[in-house]
Each structure stands twice: as structure tokens, then as C-alpha cells.
file run-v2.csv (CSV, C-alpha atoms)
chain,number,residue,atom,x,y,z
A,137,MET,CA,6.2,-20.2,-6.3
A,138,ASN,CA,5.6,-17.4,-3.7
A,139,THR,CA,6.7,-13.9,-4.6
A,140,ASN,CA,7.2,-11.2,-2.0
A,141,PHE,CA,6.9,-7.6,-3.1
A,142,ASN,CA,6.5,-4.1,-1.8
A,143,MET,CA,3.0,-2.8,-2.2
A,144,THR,CA,2.8,1.0,-2.7
A,145,PHE,CA,0.5,3.3,-0.8
A,146,GLU,CA,1.0,6.8,0.4
A,147,GLY,CA,2.7,5.8,3.6
A,148,PHE,CA,2.0,7.4,6.9
A,149,TYR,CA,4.3,10.4,7.0
A,150,ASN,CA,2.2,13.5,6.5
A,151,SER,CA,-0.5,11.5,4.7
A,152,ILE,CA,-4.2,11.3,5.0
A,153,TYR,CA,-3.8,8.1,7.0
A,154,ASP,CA,-1.5,9.8,9.5
A,155,PHE,CA,-3.8,12.8,9.8
A,156,GLU,CA,-6.9,10.5,10.2
A,157,ILE,CA,-5.2,8.6,13.0
A,158,LEU,CA,-4.0,11.7,14.8
A,159,ASP,CA,-7.5,13.3,14.4
A,160,ARG,CA,-9.3,10.3,15.9
A,161,ILE,CA,-6.8,10.2,18.8
A,162,GLU,CA,-7.4,13.9,19.4
A,163,ASP,CA,-11.1,13.4,19.4
A,164,GLU,CA,-10.8,10.5,21.9
A,165,ILE,CA,-8.8,12.8,24.2
A,166,ASN,CA,-11.2,15.7,23.8
A,167,GLU,CA,-14.2,13.4,24.6
A,168,GLY,CA,-12.4,12.1,27.7
A,169,TYR,CA,-11.9,8.5,26.5
A,170,LEU,CA,-8.1,9.0,26.6
A,171,LYS,CA,-6.1,11.3,29.0
A,172,ASN,CA,-3.3,12.0,26.5
A,173,ASP,CA,-1.3,10.3,23.8
A,174,ASP,CA,1.8,9.6,26.0
A,175,ASN,CA,1.3,5.9,26.1
A,176,ILE,CA,0.4,5.4,22.5
A,177,ASP,CA,2.9,3.4,20.4
A,178,TYR,CA,2.3,4.9,17.0
A,179,SER,CA,4.5,2.3,15.3
A,180,LYS,CA,2.0,-0.4,16.4
A,181,ILE,CA,-0.9,1.6,15.2
A,182,PHE,CA,0.7,2.1,11.8
A,183,GLU,CA,1.5,-1.6,11.6
A,184,ALA,CA,-2.1,-2.5,12.3
A,185,MET,CA,-3.4,0.2,10.0
A,186,SER,CA,-1.2,-1.0,7.2
A,187,GLU,CA,-3.0,-4.3,7.4
A,188,VAL,CA,-6.3,-2.6,7.1
A,189,ILE,CA,-5.0,-0.6,4.1
A,190,PHE,CA,-3.7,-3.9,2.6
A,191,ASP,CA,-7.1,-5.5,3.0
A,192,SER,CA,-8.8,-2.5,1.3
A,193,ILE,CA,-6.4,-2.5,-1.6
A,194,THR,CA,-6.5,-6.3,-2.2
A,195,GLU,CA,-10.3,-6.5,-1.8
A,196,LEU,CA,-10.9,-3.7,-4.3
A,197,PHE,CA,-8.3,-5.3,-6.7
A,198,GLU,CA,-10.1,-8.6,-6.5
A,199,ASP,CA,-13.5,-7.0,-7.0
A,200,GLU,CA,-12.3,-5.2,-10.1
A,201,PHE,CA,-10.3,-8.0,-11.8
A,202,GLU,CA,-11.8,-11.3,-10.2
A,203,LEU,CA,-8.5,-13.1,-10.4
A,204,ASN,CA,-8.5,-14.9,-7.0
A,205,SER,CA,-4.9,-14.0,-6.5
A,206,SER,CA,-4.7,-14.9,-2.8
A,207,PHE,CA,-2.5,-12.1,-1.5
A,208,LYS,CA,-0.9,-12.3,1.9
A,209,TYR,CA,0.0,-9.5,4.2
A,210,GLY,CA,3.6,-9.6,5.4
A,211,GLY,CA,4.0,-6.4,7.4
A,212,LEU,CA,5.0,-2.8,7.2
A,213,ASP,CA,8.4,-1.6,5.9
A,214,SER,CA,9.0,1.9,7.3
A,215,PRO,CA,12.2,3.7,6.4
A,216,GLN,CA,14.4,5.1,9.2
A,217,TYR,CA,14.3,8.5,7.4
A,218,TYR,CA,11.4,9.6,5.2
A,219,ASN,CA,13.5,11.9,3.0
A,220,TYR,CA,14.4,8.9,0.8
A,221,ARG,CA,11.2,7.0,0.4
A,222,THR,CA,7.9,6.3,2.2
A,223,ASP,CA,6.4,3.2,3.8
A,224,TYR,CA,5.6,0.1,1.9
A,225,ILE,CA,3.3,-2.8,2.7
A,226,ILE,CA,5.1,-6.1,2.4
A,227,ALA,CA,2.9,-8.6,0.5
A,228,SER,CA,3.1,-11.9,-1.3
A,229,THR,CA,1.3,-14.0,-3.7
A,230,ASN,CA,1.8,-17.4,-5.3
A,231,ASN,CA,-0.1,-16.3,-8.5
A,232,THR,CA,2.5,-14.1,-10.2
A,233,LYS,CA,2.4,-16.0,-13.5
A,234,LYS,CA,-1.4,-15.6,-13.7
A,235,LEU,CA,-1.2,-11.9,-12.9
A,236,MET,CA,1.5,-11.4,-15.5
A,237,ASN,CA,-0.5,-13.3,-18.1
A,238,TYR,CA,-3.5,-11.1,-17.4
A,239,PHE,CA,-1.8,-7.6,-17.1
A,240,LEU,CA,0.7,-8.0,-19.9
A,241,LYS,CA,-2.5,-7.6,-22.1
A,242,ASN,CA,-3.6,-4.5,-20.4
A,243,ALA,CA,-2.6,-1.4,-22.4
A,244,GLN,CA,-3.2,1.1,-19.5
A,245,PHE,CA,-0.9,-0.9,-17.2
A,246,ILE,CA,1.7,-1.3,-19.9
A,247,ASP,CA,1.6,2.5,-20.7
A,248,TYR,CA,1.9,3.2,-16.9
A,249,VAL,CA,5.0,1.0,-16.6
A,250,ASN,CA,6.6,2.3,-19.7
A,251,GLU,CA,6.1,5.9,-18.5
A,252,ASN,CA,7.0,5.4,-14.9
A,253,SER,CA,10.0,3.1,-15.3
A,254,LYS,CA,12.0,5.2,-17.8
A,255,SER,CA,15.1,7.1,-16.9
A,256,ILE,CA,14.8,10.9,-16.6
A,257,ASP,CA,17.1,13.7,-15.7
A,258,GLY,CA,18.6,12.9,-12.3
A,259,PHE,CA,17.3,9.4,-12.2
A,260,THR,CA,18.6,6.3,-14.0
A,261,SER,CA,16.1,3.4,-14.0
A,262,PHE,CA,17.3,-0.1,-13.5
A,263,TYR,CA,14.2,-1.4,-15.2
A,264,ASN,CA,13.3,0.6,-18.3
A,265,GLY,CA,10.0,-0.4,-19.7
A,266,ILE,CA,7.6,-3.3,-19.4
A,267,ASN,CA,10.1,-5.8,-21.1
A,268,GLU,CA,12.6,-5.2,-18.3
A,269,VAL,CA,10.1,-4.9,-15.5
A,270,LYS,CA,8.5,-8.3,-16.3
A,271,GLN,CA,11.8,-10.0,-15.8
A,272,ASP,CA,11.6,-9.5,-12.1
A,273,ASN,CA,8.4,-10.8,-10.4
A,274,SER,CA,8.8,-8.5,-7.4
A,275,ILE,CA,9.3,-5.4,-9.5
A,276,PHE,CA,6.4,-6.4,-11.8
A,277,LEU,CA,4.1,-6.7,-8.8
A,278,HIS,CA,5.3,-3.5,-7.3
A,279,TYR,CA,4.5,-1.6,-10.5
A,280,LEU,CA,1.1,-3.4,-10.8
A,281,PHE,CA,0.0,-2.2,-7.4
A,282,SER,CA,1.5,1.3,-7.9
A,283,TRP,CA,-0.6,1.6,-11.0
A,284,PHE,CA,-3.7,0.1,-9.2
A,285,TYR,CA,-3.3,2.4,-6.2
A,286,SER,CA,-2.7,5.5,-8.4
A,287,LYS,CA,-5.9,4.9,-10.4
A,288,ASN,CA,-8.1,3.9,-7.3
A,289,ARG,CA,-6.6,6.1,-4.6
A,290,CYS,CA,-9.7,7.9,-3.5
A,291,GLU,CA,-11.8,4.7,-3.5
A,292,ILE,CA,-9.2,2.8,-1.5
A,293,ILE,CA,-9.0,5.6,1.1
A,294,GLN,CA,-12.8,5.8,1.4
A,295,HIS,CA,-13.0,2.0,1.7
A,296,THR,CA,-10.4,2.0,4.4
A,297,PHE,CA,-12.1,4.7,6.5
A,298,ASP,CA,-15.6,3.4,6.0
A,299,THR,CA,-14.9,0.8,8.6
A,300,ASN,CA,-14.4,1.0,12.3
A,301,ASN,CA,-11.0,-0.5,11.8
A,302,VAL,CA,-9.2,2.8,12.5
A,303,ASN,CA,-10.6,3.0,16.0
A,304,GLU,CA,-9.7,-0.7,16.5
A,305,CYS,CA,-6.2,-0.1,15.4
A,306,ILE,CA,-5.9,2.7,17.9
A,307,TYR,CA,-7.5,1.0,20.9
A,308,ASN,CA,-5.8,-2.4,20.3
A,309,ASN,CA,-2.3,-1.0,20.1
A,310,PHE,CA,-1.6,1.2,23.2
call {"tool": "encode", "arguments": {"input": "run-v2.csv", "output": "C-alpha cells"}}
result
Amino acid sequence: MNTNFNMTFEGFYNSIYDFEILDRIEDEINEGYLKNDDNIDYSKIFEAMSEVIFDSITELFEDEFELNSSFKYGGLDSPQYYNYRTDYIIASTNNTKKLMNYFLKNAQFIDYVNENSKSIDGFTSFYNGINEVKQDNSIFLHYLFSWFYSKNRCEIIQHTFDTNNVNECIYNNF
């Protein structure tokens, strides 16, 4: 069965991804390749860039765990206002059971979920602890990739920007 879930990353609002895109566009303008940024549709660039980030996350995930989970990119979910939450990558997999069987034995992941899903002052959690999180496949996968991103953030960012994909995202989406 296919499970859709929100894959966490920093989003684009005031993030390293946003700054990198803006910096590269500014460089292209300063070098004369672009006149200005008036005709640039940033939402298209962010959509294309989110797929590059998704590829980096899933490639590094597969390299580390070798589970052949066959993740699929489903798009970018950007909020209307960034004061409530940031962007998510929409993803899916048909291997949720396999992932659960593997990661429900991983003490670091379980500790992360237990710590990050508990209620705190000003916030009441709907899923408190691993036993509640694992009841909802989408929530389980969301926590899995939140944990993975948090422990591999620098490597994911470096992997993303080591390619020419950022320039391709810009030039293919005017």
C-alpha cells in the first residue's frame, strides 16, 4: 500500500536554500547573463529545487540504510503564510511496513520520536511517543525523515549544492 507523507527539510523561507538561489541569481545578473529578476517565477524554482533536495535526502537515506524503499516525489507544499510552518516535500513509498520493521529497532530513532512528539508547555501533541506515532504511517514517516534530516543536515545541503542542479532549476524555470 502506498503511503503519502510530508518530508521535512528547512523550507525556503530565509533558509540556506533560499539564500543560495538568490545568490546565484544575483551572480548571473552581475555577470550579465540575466538583466534582472523581474521575469523569474520563484515558486517554479522552489518546486524544481525541492525535487533536487528530495533526491539528495532519499539518495543519502538509501546509501546509509540500504533498504531499497523506492520513494517517489509528489511535489512541494508551501504554506500561504510562513508564521505557522515551513515548506514540506510531499513524498510517498509503498514500503512503509519494511521501514517500520527496521526503524522500530533503532534506539536513536525511537529516542528522537519520544522526545520530539511529547507535549510541552503551550503545545499538546496528538501523537505522544513512538507507540502512538507508529499507529499512523504518514506520521511515522514524517518523524523518520525529520530525524534523518536533523542528523544529516549538513551532508544533505552539501550534496544538494555539489551538483549543477541549482543553476538548472533557475534557468529552466523562468
call {"tool": "closest_atom_pairs", "arguments": {"input": "run-v2.csv", "of": "region 200-271 of chain A", "to": "region 284-290 of chain A", "cutoff": "12 Å", "atoms": "all atoms listed in the file", "output": "JSON lines"}}
result
{"residue": "A:Glu200", "atom": "CA", "partner": "A:Phe284", "partner_atom": "CA", "distance": 10.1}
{"residue": "A:Phe201", "atom": "CA", "partner": "A:Phe284", "partner_atom": "CA", "distance": 10.8}
{"residue": "A:Phe239", "atom": "CA", "partner": "A:Phe284", "partner_atom": "CA", "distance": 11.2}
{"residue": "A:Gln244", "atom": "CA", "partner": "A:Lys287", "partner_atom": "CA", "distance": 10.2}
{"residue": "A:Phe245", "atom": "CA", "partner": "A:Phe284", "partner_atom": "CA", "distance": 8.5}
{"residue": "A:Tyr248", "atom": "CA", "partner": "A:Ser286", "partner_atom": "CA", "distance": 9.9}
{"residue": "A:Val249", "atom": "CA", "partner": "A:Phe284", "partner_atom": "CA", "distance": 11.5}
{"residue": "A:Asn252", "atom": "CA", "partner": "A:Ser286", "partner_atom": "CA", "distance": 11.7}
call {"tool": "closest_residue", "arguments": {"input": "run-v2.csv", "among": "A:Ile189, A:Asn172, A:Ser214, A:Asn231", "to": "Gln294 (chain A)", "atoms": "all atoms listed in the file"}}
result
A:Ile189
call {"tool": "atom_distance", "arguments": {"input": "run-v2.csv", "atom1": "CA of Gly147 (chain A)", "atom2": "CA of Lys234 (chain A)"}}
result
27.8 Å
call {"tool": "closest_residue", "arguments": {"input": "run-v2.csv", "among": "A:Thr222, A:Ser179, A:Thr229, A:Ser206", "to": "Glu146 (chain A)", "atoms": "all atoms listed in the file"}}
result
A:Thr222
call {"tool": "residues_around", "arguments": {"input": "run-v2.csv", "residues": "region 262-270 of chain A", "least_positions_apart": "5", "cutoff": "6 Å", "atoms": "all atoms listed in the file", "output": "PyMOL selection string"}}
result
chain A and resi 249-250+253-254+276
call {"tool": "closest_atom_pairs", "arguments": {"input": "run-v2.csv", "of": "region 187-305 of chain A", "to": "region 150-167 of chain A", "cutoff": "10 Å", "atoms": "only C-alpha atoms", "output": "CSV"}}
result
residue,atom,partner,partner_atom,distance
A:Ile189,CA,A:Tyr153,CA,9.2
A:Ile293,CA,A:Tyr153,CA,8.3
A:Thr296,CA,A:Tyr153,CA,9.4
A:Phe297,CA,A:Glu156,CA,8.6
A:Val302,CA,A:Ile157,CA,7.1
A:Asn303,CA,A:Arg160,CA,7.4
A:Cys305,CA,A:Ile157,CA,9.1
call {"tool": "residues_around", "arguments": {"input": "run-v2.csv", "residues": "Phe141 (chain A)", "least_positions_apart": "3", "cutoff": "12 Å", "atoms": "all atoms listed in the file", "output": "ChimeraX atom specification"}}
result
/A:138,144,207-213,224-230,232,272-282
call {"tool": "atom_distance", "arguments": {"input": "run-v2.csv", "atom1": "CA of Leu235 (chain A)", "atom2": "CA of Met143 (chain A)"}}
result
14.7 Å
call {"tool": "residues_near_point", "arguments": {"input": "run-v2.csv", "point": "(1.8, 2.2, 22.9)", "cutoff": "6 Å", "atoms": "all atoms listed in the file", "output": "PDB file with C-alpha atoms, in the frame of the given file"}}
result
ATOM      1  CA  ASN A 175       1.300   5.900  26.100  1.00  0.00           C
ATOM      2  CA  ILE A 176       0.400   5.400  22.500  1.00  0.00           C
ATOM      3  CA  ASP A 177       2.900   3.400  20.400  1.00  0.00           C
ATOM      4  CA  ASN A 309      -2.300  -1.000  20.100  1.00  0.00           C
ATOM      5  CA  PHE A 310      -1.600   1.200  23.200  1.00  0.00           C
TER       6      PHE A 310
END
